[in-house]
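Each remark here refers to the structure printed beneath this line.
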Amino acid sequence: MNPKIYDVAVIGAGAAGLMAAITAARMGAHVILLEHMPQAAKKLLATGNGKCNYTNVDQKMEYYYCEDPDFMQTVFTQFSYADTIHFFEELGIRPIQKNGTCIYPESEQASSVRDVLLEEAARLEVTAAYSAGIREIHKIQNSQIFEILTKDKPVYSLSCILAAGGKAAKKTGSDGSGYIYAKQLGHQLKAPVPALTALTADYNKWKLPAGVRTRCSATLLIDGQEAAFEQGELQITDYGISGIVIFQFSRTAAYALSGQRQVAVNLDFKPQMSQKELASYLMERFQSRYQAHKTAGRCLIGFLPEKLIQPMLRRAGIAIDQTGRNIQKQSAQRLAALLKKYKIKITGTKGFDAAQVTAGGIPLHEIKTLTMESKITPRLYFAGEIVDIDAKCGGYNLQWAWSSGYAAGLHSCGGIAQ
């Protein structure tokens, strides 16, 4: 008996893989979806703190890390953020806009997004195989047919879409196995590093207290030169620094660290004020009739997070129990300088297990711009995080998953009778 040959085999049932499978099936293709985890889209369930920020209406190329912006523009032209919103509305996901421009499901449950994708795939009769245990992917000799060796039986297909993710958050299924399959099919790999992750720090004797959350600006320094600037919430931890303001440039820091370069972060705890303005304000605050009788520590209650007050005063050379009226102008200036530029040496990242996404992957020069097809192996396609494209927080990484999944699913069906 001849084995069944699917039109399209999609490797990975995450956001990009589900979109690719649905798109190909809507084109009339017979699709099989292979996932090595026991369930689909486990990583999707964790996005947006479980609420799933699935796209963003503010789309700029500067929010994406990509060596070829034209490549991304071509993919997004085929399936935009507006197409994403419409696609999910058709499946029953009503959008709500939060945090300015971020789009979430009205239910504010990531499981809603996952469920409607699975239901649409089922409606289209996509065959789903979980805990697949893929061992190898290759083309049968003297044939254009893909043979996918799983732990149970081989699967055959005319086209193959690799949407197996990267290495971030291994417990959700992103274990780097997609890179192995890509190499089996002739591709190279840009070394992956963790992105959207926390950074570990060397505080020396000026360690900041864990548990502080505050808004600030942060400047990433590589070999002493400014490499990135962000504003947002900072979280101080027992190992270093975290929060959105750090996540946004963590991939740049990770690449610099992997290259043995010197990495540091300057924190500005009062970005809305210049250093001169801050020094003047501090002096006025210390000398105020309402504060002058208080200790320096009590003078700053309400101006700084309470846990930050003591270490900042100590480093500025101001005694905690010194009264406000006795604080000199030079002391206020030192404190202002410290609050405007608190430098922390970065020693590493929290690694792939704590990362939200992966930077690096299959190089764009090995992929056809319009179709997401491999330039090396015909009828092999890529989608999602496995490709060397990542983005900032805010629904942008998911938008890349939807757009690239759509493009791969659409073009993988070329030549299939409708």
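FYI, nothing fancy with the structure tokens labels: chains A, B, ... in order, residues from 1 per chain, ligands from 1 as they appear.
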> Could you pull out all residues of segment 73-217 of chain A with a DSSP call of alpha helix (DSSP H) and give them as a PyMOL selection string?
Replying inline: chain A and resi 73-78+81-90+110-123+177-184
Output for the residues just chosen: C-alpha atoms as a CSV table (one decimal), in the first residue's frame:
chain,number,residue,atom,x,y,z
A,73,GLN,CA,7.7,44.9,4.5
A,74,THR,CA,7.1,42.4,1.7
A,75,VAL,CA,5.7,39.8,4.1
A,76,PHE,CA,3.6,42.4,6.0
A,77,THR,CA,2.1,43.7,2.8
A,78,GLN,CA,0.6,40.2,2.3
A,81,TYR,CA,-1.9,44.0,11.5
A,82,ALA,CA,-5.3,45.0,10.1
A,83,ASP,CA,-5.6,41.6,8.4
A,84,THR,CA,-4.7,40.0,11.7
A,85,ILE,CA,-7.5,41.8,13.5
A,86,HIS,CA,-10.0,40.9,10.8
A,87,PHE,CA,-8.8,37.3,10.7
A,88,PHE,CA,-9.4,36.9,14.4
A,89,GLU,CA,-12.7,38.8,14.4
A,90,GLU,CA,-14.0,36.3,11.8
A,110,ALA,CA,-4.8,33.9,25.6
A,111,SER,CA,-6.6,30.6,25.6
A,112,SER,CA,-9.4,32.2,23.6
A,113,VAL,CA,-6.9,32.9,20.7
A,114,ARG,CA,-5.4,29.4,20.9
A,115,ASP,CA,-8.9,27.8,21.0
A,116,VAL,CA,-10.3,29.5,17.9
A,117,LEU,CA,-7.2,28.7,15.9
A,118,LEU,CA,-7.5,25.0,16.8
A,119,GLU,CA,-11.2,25.0,16.0
A,120,GLU,CA,-10.6,26.6,12.6
A,121,ALA,CA,-7.9,24.0,11.9
A,122,ALA,CA,-10.3,21.3,12.9
A,123,ARG,CA,-13.0,22.8,10.6
A,177,SER,CA,14.9,21.4,17.4
A,178,GLY,CA,13.8,23.4,14.4
A,179,TYR,CA,17.4,24.5,13.9
A,180,ILE,CA,18.5,20.8,13.7
A,181,TYR,CA,15.9,20.1,11.0
A,182,ALA,CA,16.9,23.2,9.0
A,183,LYS,CA,20.5,22.1,9.1
A,184,GLN,CA,19.5,18.6,7.9
> Which polymer residues have any atom within 10 Å of an atom of Asp202 of chain A, counting only C-alpha atoms, with same-chain residues fewer than 3 positions away left out, as a list of chain:residue names?
Replying inline: A:Lys205, A:Trp206, A:Lys207, A:Tyr239, A:Gly240, A:Ala264, A:Ile344, A:Lys345, A:Ile346, A:Thr347, A:Gly348
Using N, CA, C and O atoms, can you write the selected residues to a file as a PDB file, in the first residue's frame?
ATOM      1  N   LYS A 205      29.678  46.714  45.744  1.00  0.00           N
ATOM      2  CA  LYS A 205      29.145  47.072  47.057  1.00  0.00           C
ATOM      3  C   LYS A 205      27.924  47.978  46.961  1.00  0.00           C
ATOM      4  O   LYS A 205      27.326  48.331  47.974  1.00  0.00           O
ATOM      5  N   TRP A 206      27.553  48.375  45.745  1.00  0.00           N
ATOM      6  CA  TRP A 206      26.426  49.285  45.596  1.00  0.00           C
ATOM      7  C   TRP A 206      25.191  48.553  45.079  1.00  0.00           C
ATOM      8  O   TRP A 206      24.429  49.083  44.282  1.00  0.00           O
ATOM      9  N   LYS A 207      25.022  47.328  45.492  1.00  0.00           N
ATOM     10  CA  LYS A 207      23.878  46.550  45.046  1.00  0.00           C
ATOM     11  C   LYS A 207      22.577  47.242  45.423  1.00  0.00           C
ATOM     12  O   LYS A 207      22.410  47.730  46.536  1.00  0.00           O
ATOM     13  N   TYR A 239      19.265  39.215  41.247  1.00  0.00           N
ATOM     14  CA  TYR A 239      20.345  38.854  40.319  1.00  0.00           C
ATOM     15  C   TYR A 239      20.727  39.997  39.382  1.00  0.00           C
ATOM     16  O   TYR A 239      21.763  39.959  38.726  1.00  0.00           O
ATOM     17  N   GLY A 240      19.863  41.010  39.253  1.00  0.00           N
ATOM     18  CA  GLY A 240      20.160  42.083  38.322  1.00  0.00           C
ATOM     19  C   GLY A 240      18.963  42.974  38.056  1.00  0.00           C
ATOM     20  O   GLY A 240      18.276  43.390  38.984  1.00  0.00           O
ATOM     21  N   ALA A 264      27.216  47.603  29.930  1.00  0.00           N
ATOM     22  CA  ALA A 264      26.728  48.263  31.140  1.00  0.00           C
ATOM     23  C   ALA A 264      25.411  48.953  30.827  1.00  0.00           C
ATOM     24  O   ALA A 264      25.045  49.137  29.652  1.00  0.00           O
ATOM     25  N   ILE A 344      25.393  50.338  36.018  1.00  0.00           N
ATOM     26  CA  ILE A 344      25.441  48.948  36.457  1.00  0.00           C
ATOM     27  C   ILE A 344      26.184  48.130  35.409  1.00  0.00           C
ATOM     28  O   ILE A 344      25.857  48.165  34.223  1.00  0.00           O
ATOM     29  N   LYS A 345      27.180  47.383  35.838  1.00  0.00           N
ATOM     30  CA  LYS A 345      27.905  46.486  34.940  1.00  0.00           C
ATOM     31  C   LYS A 345      27.078  45.224  34.717  1.00  0.00           C
ATOM     32  O   LYS A 345      26.631  44.582  35.677  1.00  0.00           O
ATOM     33  N   ILE A 346      26.884  44.868  33.456  1.00  0.00           N
ATOM     34  CA  ILE A 346      26.089  43.690  33.110  1.00  0.00           C
ATOM     35  C   ILE A 346      27.015  42.497  32.903  1.00  0.00           C
ATOM     36  O   ILE A 346      28.006  42.588  32.179  1.00  0.00           O
ATOM     37  N   THR A 347      26.654  41.387  33.521  1.00  0.00           N
ATOM     38  CA  THR A 347      27.491  40.188  33.442  1.00  0.00           C
ATOM     39  C   THR A 347      26.908  39.097  32.545  1.00  0.00           C
ATOM     40  O   THR A 347      27.620  38.183  32.136  1.00  0.00           O
ATOM     41  N   GLY A 348      25.615  39.171  32.253  1.00  0.00           N
ATOM     42  CA  GLY A 348      25.012  38.131  31.426  1.00  0.00           C
ATOM     43  C   GLY A 348      23.511  38.341  31.284  1.00  0.00           C
ATOM     44  O   GLY A 348      22.971  39.376  31.683  1.00  0.00           O
TER      45      GLY A 348
END
Within 12 Å of segment 64-71 of chain A, which residues of segment 227-341 of chain A come that close, and what is the closest atom pair and distance in Å for each? Count only C-alpha atoms and give it as a Markdown table.
| residue | atom | partner | partner_atom | distance |
| --- | --- | --- | --- | --- |
| A:Gln248 | CA | A:Tyr64 | CA | 10.5 |
| A:Phe249 | CA | A:Tyr65 | CA | 10.3 |
| A:Ser250 | CA | A:Tyr65 | CA | 11.9 |
| A:Arg251 | CA | A:Tyr65 | CA | 9.3 |
| A:Thr252 | CA | A:Tyr65 | CA | 9.6 |
Could you save those same residues with N, CA and C atoms as a PDB file, in the first residue's frame?
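Resulting contents of part29.pdb:
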ATOM      1  N   GLN A 248      13.541  45.376  26.263  1.00  0.00           N
ATOM      2  CA  GLN A 248      13.530  45.918  24.902  1.00  0.00           C
ATOM      3  C   GLN A 248      14.903  45.918  24.241  1.00  0.00           C
ATOM      4  N   PHE A 249      15.978  46.051  25.026  1.00  0.00           N
ATOM      5  CA  PHE A 249      17.293  46.014  24.377  1.00  0.00           C
ATOM      6  C   PHE A 249      18.145  44.823  24.834  1.00  0.00           C
ATOM      7  N   SER A 250      17.518  43.841  25.473  1.00  0.00           N
ATOM      8  CA  SER A 250      18.277  42.698  25.985  1.00  0.00           C
ATOM      9  C   SER A 250      18.941  41.900  24.873  1.00  0.00           C
ATOM     10  N   ARG A 251      18.333  41.814  23.701  1.00  0.00           N
ATOM     11  CA  ARG A 251      18.947  41.047  22.609  1.00  0.00           C
ATOM     12  C   ARG A 251      20.236  41.716  22.147  1.00  0.00           C
ATOM     13  N   THR A 252      20.271  43.051  22.137  1.00  0.00           N
ATOM     14  CA  THR A 252      21.489  43.763  21.777  1.00  0.00           C
ATOM     15  C   THR A 252      22.575  43.511  22.810  1.00  0.00           C
TER      16      THR A 252
END
> If you count only C-alpha atoms, which residues fall within 8 Å of Leu162 of chain A, apart from same-chain ones fewer than 4 positions away, as a VMD selection string?
Replying inline: chain A and resid 10 to 12 17 178 182 380 to 383 386
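Remark: for Arg314 of chain A, the closest of the candidate residues A:Ser157, A:Ser331, A:Ser403, A:Asn397 is A:Ser331 (distances computed over only C-alpha atoms).
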>> Between atom CA of Lys153 of chain A and atom CA of Lys139 of chain A, what is the distance in Å, rounded to a tenth?
In response: 15.7 Å
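Coordinates place atom CA of Leu44 of chain A at a distance of 26.0 Å from atom CA of Thr200 of chain A.
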>> Quick check for you: according to DSSP on this backbone, which residues of segment 206-309 of chain A are classed as strand (DSSP E or B)? Reply as an MDAnalysis selection string.
In response: chainID A and resid 213:222 225:236 240:242 263:268 295 301 304
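Nearest residue to Gln109 of chain A, choosing from A:Pro363, A:Gly394, A:Pro95, A:Pro209 and counting only C-alpha atoms: A:Pro95.
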>> I'd like to know which of A:Val8, A:Ile103, A:Ile236, A:Leu45 is closest to Met27 of chain A, using only C-alpha atoms.
In response: A:Val8
> Which residues, written as a list in words, have at least one atom at most 10 Å from segment 286-296 of chain A, with only C-alpha atoms counted and residues fewer than 4 positions away on the same chain left out?
Replying inline: Tyr281, Leu282, Leu300, Ile301, Ile309, Gln310, Leu313, Ile318, Ala319, Ile320, Asp321, Gln322, Thr323, Gly324, Arg325, Asn326, Ile327, Gln328, Lys329 and Ala332 of chain A
Serialized selection, all heavy atoms, as a compact mmCIF listing (two decimals), in the first residue's frame:
# COMPACT_ATOMS: atom_id res chain seq x y z
N TYR A 281 15.86 71.03 42.62
CA TYR A 281 14.65 70.55 43.29
C TYR A 281 14.99 69.86 44.61
O TYR A 281 14.32 70.07 45.64
CB TYR A 281 13.87 69.59 42.40
CG TYR A 281 12.72 68.93 43.11
CD1 TYR A 281 11.53 69.61 43.29
CD2 TYR A 281 12.85 67.65 43.65
CE1 TYR A 281 10.47 69.03 43.98
CE2 TYR A 281 11.81 67.06 44.34
CZ TYR A 281 10.63 67.75 44.50
OH TYR A 281 9.59 67.18 45.20
N LEU A 282 16.02 69.01 44.59
CA LEU A 282 16.40 68.30 45.81
C LEU A 282 16.80 69.28 46.92
O LEU A 282 16.42 69.11 48.09
CB LEU A 282 17.55 67.34 45.52
CG LEU A 282 17.19 66.08 44.73
CD1 LEU A 282 18.45 65.35 44.28
CD2 LEU A 282 16.31 65.15 45.56
N LEU A 300 12.86 62.22 51.52
CA LEU A 300 12.68 61.70 50.17
C LEU A 300 11.49 60.75 50.04
O LEU A 300 11.23 60.20 48.97
CB LEU A 300 13.95 60.98 49.71
CG LEU A 300 15.19 61.89 49.57
CD1 LEU A 300 16.41 61.08 49.17
CD2 LEU A 300 14.92 63.01 48.56
N ILE A 301 10.77 60.54 51.14
CA ILE A 301 9.56 59.71 51.07
C ILE A 301 8.58 60.34 50.09
O ILE A 301 8.27 61.54 50.16
CB ILE A 301 8.91 59.58 52.47
CG1 ILE A 301 9.81 58.79 53.40
CG2 ILE A 301 7.53 58.94 52.36
CD1 ILE A 301 9.98 57.34 53.03
N ILE A 309 15.85 54.68 48.77
CA ILE A 309 16.31 55.90 49.44
C ILE A 309 17.64 55.69 50.18
O ILE A 309 18.61 56.43 49.96
CB ILE A 309 15.23 56.43 50.40
CG1 ILE A 309 14.02 56.91 49.60
CG2 ILE A 309 15.80 57.55 51.26
CD1 ILE A 309 12.83 57.32 50.46
N GLN A 310 17.70 54.68 51.02
CA GLN A 310 18.90 54.48 51.83
C GLN A 310 20.14 54.21 50.97
O GLN A 310 21.18 54.86 51.19
CB GLN A 310 18.68 53.35 52.83
CG GLN A 310 19.85 53.16 53.80
CD GLN A 310 19.49 52.25 54.95
OE1 GLN A 310 18.37 52.26 55.43
NE2 GLN A 310 20.46 51.47 55.41
N LEU A 313 21.23 57.51 49.15
CA LEU A 313 21.83 58.49 50.05
C LEU A 313 23.24 58.05 50.47
O LEU A 313 24.18 58.86 50.50
CB LEU A 313 20.96 58.70 51.28
CG LEU A 313 19.66 59.46 51.07
CD1 LEU A 313 18.82 59.43 52.34
CD2 LEU A 313 19.92 60.90 50.65
N ILE A 318 25.58 60.98 51.82
CA ILE A 318 24.69 61.71 52.72
C ILE A 318 24.25 60.78 53.84
O ILE A 318 23.71 59.70 53.58
CB ILE A 318 23.46 62.25 51.97
CG1 ILE A 318 23.88 63.18 50.83
CG2 ILE A 318 22.51 62.96 52.93
CD1 ILE A 318 22.73 63.62 49.94
N ALA A 319 24.49 61.18 55.08
CA ALA A 319 24.09 60.36 56.21
C ALA A 319 22.57 60.26 56.28
O ALA A 319 21.85 61.25 56.09
CB ALA A 319 24.63 60.96 57.51
N ILE A 320 22.09 59.05 56.54
CA ILE A 320 20.65 58.81 56.58
C ILE A 320 19.96 59.68 57.63
O ILE A 320 18.85 60.18 57.41
CB ILE A 320 20.36 57.32 56.88
CG1 ILE A 320 21.01 56.42 55.83
CG2 ILE A 320 18.84 57.06 56.93
CD1 ILE A 320 20.52 56.64 54.43
N ASP A 321 20.63 59.88 58.78
CA ASP A 321 20.01 60.62 59.88
C ASP A 321 20.32 62.11 59.86
O ASP A 321 19.94 62.85 60.77
CB ASP A 321 20.41 60.01 61.21
CG ASP A 321 21.93 59.99 61.42
OD1 ASP A 321 22.65 60.39 60.48
OD2 ASP A 321 22.37 59.54 62.49
N GLN A 322 21.03 62.55 58.83
CA GLN A 322 21.31 63.98 58.71
C GLN A 322 20.03 64.73 58.39
O GLN A 322 19.22 64.29 57.57
CB GLN A 322 22.35 64.22 57.60
CG GLN A 322 22.79 65.66 57.45
CD GLN A 322 23.88 65.80 56.38
OE1 GLN A 322 24.32 64.81 55.81
NE2 GLN A 322 24.28 67.03 56.11
N THR A 323 19.78 65.86 59.04
CA THR A 323 18.54 66.59 58.78
C THR A 323 18.64 67.37 57.48
O THR A 323 19.73 67.75 57.03
CB THR A 323 18.23 67.57 59.93
OG1 THR A 323 19.32 68.47 60.08
CG2 THR A 323 17.96 66.82 61.22
N GLY A 324 17.48 67.60 56.88
CA GLY A 324 17.43 68.28 55.60
C GLY A 324 18.10 69.64 55.61
O GLY A 324 18.79 70.01 54.66
N ARG A 325 17.92 70.40 56.69
CA ARG A 325 18.46 71.76 56.74
C ARG A 325 19.99 71.77 56.72
O ARG A 325 20.60 72.77 56.38
CB ARG A 325 17.94 72.51 57.96
CG ARG A 325 18.37 71.95 59.28
CD ARG A 325 18.02 72.90 60.43
NE ARG A 325 16.59 73.21 60.45
CZ ARG A 325 15.67 72.54 61.12
NH1 ARG A 325 16.03 71.45 61.81
NH2 ARG A 325 14.41 72.90 61.12
N ASN A 326 20.62 70.64 57.09
CA ASN A 326 22.08 70.58 57.16
C ASN A 326 22.73 70.00 55.91
O ASN A 326 23.95 69.86 55.85
CB ASN A 326 22.51 69.76 58.38
CG ASN A 326 22.16 70.46 59.67
OD1 ASN A 326 22.22 71.69 59.77
ND2 ASN A 326 21.74 69.69 60.67
N ILE A 327 21.92 69.64 54.92
CA ILE A 327 22.47 69.06 53.69
C ILE A 327 22.99 70.19 52.80
O ILE A 327 22.27 71.17 52.54
CB ILE A 327 21.41 68.22 52.96
CG1 ILE A 327 21.06 66.99 53.81
CG2 ILE A 327 21.91 67.78 51.59
CD1 ILE A 327 19.95 66.14 53.26
N GLN A 328 24.22 70.05 52.34
CA GLN A 328 24.87 71.08 51.53
C GLN A 328 24.52 70.91 50.05
O GLN A 328 24.10 69.84 49.59
CB GLN A 328 26.39 71.02 51.70
CG GLN A 328 26.85 71.20 53.14
CD GLN A 328 26.45 72.56 53.68
OE1 GLN A 328 26.73 73.61 53.07
NE2 GLN A 328 25.78 72.57 54.84
N LYS A 329 24.69 72.00 49.29
CA LYS A 329 24.39 72.02 47.86
C LYS A 329 25.17 70.94 47.12
O LYS A 329 24.64 70.27 46.23
CB LYS A 329 24.70 73.40 47.29
CG LYS A 329 24.36 73.55 45.82
CD LYS A 329 24.63 74.98 45.35
CE LYS A 329 24.28 75.16 43.88
NZ LYS A 329 24.54 76.55 43.41
N ALA A 332 23.50 67.57 47.45
CA ALA A 332 22.32 67.47 46.59
C ALA A 332 22.74 67.25 45.14
O ALA A 332 22.08 66.50 44.40
CB ALA A 332 21.47 68.73 46.72
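Distance annotation: of A:Tyr54, A:Tyr203, A:Phe79, A:Tyr6, the residue with the minimal separation from Phe146 of chain A is A:Tyr6; atom set is only C-alpha atoms.
Counting from atom CA of Ala24 of chain A, the distance to atom CA of Ala41 of chain A is 18.1 Å.
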>> What's around Ser217 of chain A at 7 Å? Count only C-alpha atoms, leave out sequence neighbours fewer than 2 positions away in its own chain, and write the answer as a PyMOL selection string.
In response: chain A and resi 219+230-232+267-269+271
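You can rank A:Ser280, A:Thr101, A:Gln275, A:Gln356 by their closest distance to Ile244 of chain A using only C-alpha atoms, and at the top of that list sits A:Gln356.
Residue nearest Ser80 of chain A, chosen from A:Ile145, A:Cys413, A:Ala401, A:Ala359 and counting only C-alpha atoms: A:Ala401.
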